[in-house]
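What follows is one structure encoded as structure tokens, with my remarks underneath.
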Amino acid sequence: MKWEYKVVTPKMEGWITKRVSAETYRELDELGAQGWELVAVTPVTANTGTSWGGTTASFVFFFKRQV
């Protein structure tokens, strides 16, 4: 079996409450229709300059599909 991979960084909405944008939902639907399978989601943190660490600024989505 051979696979191809795609990495997507979705557009986020909201300054305080980060949400995936409506545009990203449409893109995810299109990727699913093309046979892409979401296999992992990784948060991307932003350094806030505090000792508590960072906050989630975005995500990275990893997809695969068989070729």
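Residue numbering restarts at 1 for every chain of the structure tokens, chains are lettered A, B, ... in their displayed order, and ligands are numbered from 1 as they appear.
Every protein or nucleic acid residue with an atom no more than 12 Å from stretch 7-15 of chain A, counting only C-alpha atoms and leaving out same-chain residues fewer than 6 positions away, appears here: Ser21, Ala22, Glu23, Thr24, Tyr25, Arg26, Glu27, Leu28, Leu31, Trp36, Glu37, Leu38, Val39, Ala40, Val41, Thr42, Pro43, Val44, Thr55, Thr56, Ala57, Ser58, Phe59, Val60, Phe61, Phe62, Phe63, Lys64 and Arg65 of chain A.
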query = Out of chain A, which residues get helix (DSSP H, G or I) from DSSP, as a ChimeraX atom specification?
reply = /A:22-33
Keeping only N, CA, C and O atoms, take the residues you just selected and write them out as a compact mmCIF listing (two decimals), in the first residue's frame.
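What ended up in again39.txt:
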```txt
# COMPACT_ATOMS: atom_id res chain seq x y z
N ALA A 22 -15.44 28.92 9.39
CA ALA A 22 -16.42 28.26 8.52
C ALA A 22 -15.75 27.85 7.21
O ALA A 22 -16.07 26.79 6.65
N GLU A 23 -14.81 28.64 6.74
CA GLU A 23 -14.06 28.31 5.51
C GLU A 23 -13.30 27.00 5.68
O GLU A 23 -13.24 26.18 4.77
N THR A 24 -12.74 26.80 6.86
CA THR A 24 -11.99 25.57 7.13
C THR A 24 -12.93 24.36 7.12
O THR A 24 -12.57 23.30 6.61
N TYR A 25 -14.12 24.50 7.68
CA TYR A 25 -15.08 23.39 7.64
C TYR A 25 -15.40 22.99 6.20
O TYR A 25 -15.48 21.81 5.89
N ARG A 26 -15.55 23.98 5.33
CA ARG A 26 -15.81 23.67 3.91
C ARG A 26 -14.60 22.95 3.30
O ARG A 26 -14.76 21.99 2.53
N GLU A 27 -13.40 23.40 3.64
CA GLU A 27 -12.18 22.75 3.13
C GLU A 27 -12.10 21.31 3.63
O GLU A 27 -11.74 20.41 2.87
N LEU A 28 -12.43 21.07 4.89
CA LEU A 28 -12.40 19.72 5.44
C LEU A 28 -13.40 18.81 4.74
O LEU A 28 -13.11 17.66 4.44
N ASP A 29 -14.59 19.35 4.46
CA ASP A 29 -15.59 18.57 3.72
C ASP A 29 -15.07 18.19 2.34
O ASP A 29 -15.25 17.06 1.88
N GLU A 30 -14.41 19.12 1.68
CA GLU A 30 -13.87 18.87 0.34
C GLU A 30 -12.76 17.81 0.39
O GLU A 30 -12.71 16.91 -0.45
N LEU A 31 -11.89 17.91 1.39
CA LEU A 31 -10.82 16.91 1.54
C LEU A 31 -11.41 15.51 1.76
O LEU A 31 -10.94 14.53 1.20
N GLY A 32 -12.45 15.42 2.58
CA GLY A 32 -13.11 14.14 2.80
C GLY A 32 -13.70 13.58 1.52
O GLY A 32 -13.60 12.39 1.25
N ALA A 33 -14.30 14.46 0.72
CA ALA A 33 -14.89 14.02 -0.56
C ALA A 33 -13.81 13.53 -1.52
O ALA A 33 -14.08 12.69 -2.38
```
Using DSSP on the backbone coordinates, identify the residues of chain A assigned to strand (DSSP E); present them as a short mmCIF file (atom, residue, chain, number, x, y, z; two decimals) with N, CA, C and O atoms, in the first residue's frame.
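The result, written out as selection19.cif:
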```cif
data_model
loop_
_atom_site.label_atom_id
_atom_site.label_comp_id
_atom_site.auth_asym_id
_atom_site.auth_seq_id
_atom_site.Cartn_x
_atom_site.Cartn_y
_atom_site.Cartn_z
N TRP A 3 0.80 5.58 0.34
CA TRP A 3 0.01 6.68 0.87
C TRP A 3 0.60 8.00 0.44
O TRP A 3 1.80 8.12 0.25
N GLU A 4 -0.25 9.00 0.33
CA GLU A 4 0.22 10.37 0.19
C GLU A 4 -0.32 11.14 1.40
O GLU A 4 -1.33 10.76 1.99
N TYR A 5 0.37 12.21 1.75
CA TYR A 5 0.05 12.93 2.97
C TYR A 5 -0.16 14.41 2.67
O TYR A 5 0.40 14.96 1.73
N LYS A 6 -0.98 15.04 3.51
CA LYS A 6 -1.26 16.46 3.37
C LYS A 6 -1.29 17.05 4.77
O LYS A 6 -1.84 16.47 5.70
N VAL A 7 -0.70 18.24 4.92
CA VAL A 7 -0.70 18.96 6.18
C VAL A 7 -1.48 20.26 5.96
O VAL A 7 -1.21 20.99 5.02
N VAL A 8 -2.45 20.52 6.85
CA VAL A 8 -3.29 21.71 6.73
C VAL A 8 -3.25 22.47 8.04
O VAL A 8 -3.43 21.89 9.12
N MET A 12 -8.24 30.27 11.86
CA MET A 12 -8.92 30.35 13.14
C MET A 12 -9.66 31.67 13.25
O MET A 12 -9.23 32.68 12.70
N GLU A 13 -10.77 31.66 13.98
CA GLU A 13 -11.55 32.86 14.24
C GLU A 13 -11.57 33.12 15.73
O GLU A 13 -11.54 32.20 16.53
N ARG A 19 -11.57 29.44 17.32
CA ARG A 19 -12.44 28.46 16.70
C ARG A 19 -11.99 28.29 15.25
O ARG A 19 -11.50 29.21 14.62
N VAL A 20 -12.22 27.10 14.74
CA VAL A 20 -11.94 26.84 13.34
C VAL A 20 -12.97 27.61 12.52
O VAL A 20 -14.16 27.61 12.82
N GLU A 37 -8.16 11.24 4.72
CA GLU A 37 -8.56 10.82 6.06
C GLU A 37 -7.73 11.60 7.08
O GLU A 37 -6.50 11.63 7.01
N LEU A 38 -8.40 12.24 8.03
CA LEU A 38 -7.71 12.95 9.11
C LEU A 38 -7.11 11.92 10.05
O LEU A 38 -7.83 11.06 10.57
N VAL A 39 -5.79 11.99 10.27
CA VAL A 39 -5.14 10.99 11.12
C VAL A 39 -4.56 11.57 12.40
O VAL A 39 -4.30 10.83 13.34
N ALA A 40 -4.38 12.90 12.45
CA ALA A 40 -3.84 13.51 13.67
C ALA A 40 -4.11 15.01 13.67
O ALA A 40 -4.19 15.63 12.61
N VAL A 41 -4.25 15.55 14.88
CA VAL A 41 -4.37 16.99 15.08
C VAL A 41 -3.38 17.37 16.16
O VAL A 41 -3.33 16.74 17.22
N THR A 42 -2.56 18.39 15.88
CA THR A 42 -1.56 18.84 16.84
C THR A 42 -1.78 20.32 17.14
O THR A 42 -1.89 21.12 16.21
N PRO A 43 -1.87 20.70 18.41
CA PRO A 43 -2.01 22.12 18.73
C PRO A 43 -0.69 22.85 18.53
O PRO A 43 0.39 22.29 18.71
N VAL A 44 -0.80 24.11 18.13
CA VAL A 44 0.36 25.00 18.00
C VAL A 44 0.21 26.04 19.09
O VAL A 44 -0.81 26.73 19.14
N THR A 45 1.19 26.13 19.97
CA THR A 45 1.08 27.07 21.08
C THR A 45 1.85 28.35 20.81
O THR A 45 2.84 28.35 20.08
N ALA A 46 1.36 29.42 21.41
CA ALA A 46 2.03 30.71 21.33
C ALA A 46 2.58 31.03 22.72
O ALA A 46 1.89 30.82 23.73
N ASN A 47 3.78 31.52 22.78
CA ASN A 47 4.40 31.87 24.05
C ASN A 47 3.74 33.13 24.59
O ASN A 47 3.73 34.16 23.94
N THR A 48 3.20 33.05 25.80
CA THR A 48 2.54 34.21 26.41
C THR A 48 3.47 35.00 27.31
O THR A 48 3.09 36.02 27.84
N GLY A 49 4.68 34.50 27.51
CA GLY A 49 5.63 35.21 28.37
C GLY A 49 5.38 34.98 29.85
O GLY A 49 5.94 35.67 30.68
N THR A 50 4.53 34.02 30.19
CA THR A 50 4.27 33.72 31.59
C THR A 50 4.90 32.38 31.94
O THR A 50 5.26 31.59 31.07
N GLY A 53 3.34 28.83 30.65
CA GLY A 53 3.49 28.26 29.32
C GLY A 53 2.71 29.05 28.29
O GLY A 53 2.36 30.20 28.51
N GLY A 54 2.42 28.42 27.19
CA GLY A 54 1.73 29.11 26.10
C GLY A 54 0.27 28.76 26.03
O GLY A 54 -0.24 27.95 26.79
N THR A 55 -0.40 29.41 25.10
CA THR A 55 -1.80 29.11 24.83
C THR A 55 -1.91 28.55 23.42
O THR A 55 -1.07 28.82 22.57
N THR A 56 -2.96 27.80 23.18
CA THR A 56 -3.16 27.24 21.84
C THR A 56 -3.52 28.36 20.89
O THR A 56 -4.51 29.06 21.09
N ALA A 57 -2.70 28.53 19.86
CA ALA A 57 -2.91 29.59 18.88
C ALA A 57 -3.56 29.06 17.62
O ALA A 57 -4.29 29.77 16.94
N SER A 58 -3.30 27.81 17.33
CA SER A 58 -3.84 27.20 16.12
C SER A 58 -3.66 25.69 16.23
O SER A 58 -3.31 25.18 17.29
N PHE A 59 -3.91 25.02 15.12
CA PHE A 59 -3.75 23.57 15.05
C PHE A 59 -3.12 23.21 13.72
O PHE A 59 -3.17 23.99 12.77
N VAL A 60 -2.55 22.03 13.67
CA VAL A 60 -2.07 21.47 12.41
C VAL A 60 -2.80 20.14 12.23
O VAL A 60 -2.82 19.31 13.15
N PHE A 61 -3.44 19.98 11.07
CA PHE A 61 -4.18 18.76 10.75
C PHE A 61 -3.35 17.93 9.79
O PHE A 61 -2.82 18.45 8.81
N PHE A 62 -3.23 16.63 10.06
CA PHE A 62 -2.48 15.72 9.20
C PHE A 62 -3.47 14.75 8.56
O PHE A 62 -4.26 14.12 9.24
N PHE A 63 -3.39 14.63 7.24
CA PHE A 63 -4.27 13.77 6.46
C PHE A 63 -3.45 12.75 5.68
O PHE A 63 -2.28 13.00 5.38
N LYS A 64 -4.09 11.64 5.32
CA LYS A 64 -3.47 10.68 4.41
C LYS A 64 -4.56 10.11 3.51
O LYS A 64 -5.75 10.13 3.85
N ARG A 65 -4.14 9.62 2.36
CA ARG A 65 -5.03 8.87 1.48
C ARG A 65 -4.19 7.91 0.66
O ARG A 65 -3.02 8.15 0.37
N GLN A 66 -4.82 6.82 0.29
CA GLN A 66 -4.13 5.79 -0.47
C GLN A 66 -4.01 6.22 -1.94
O GLN A 66 -4.95 6.79 -2.50
#
```
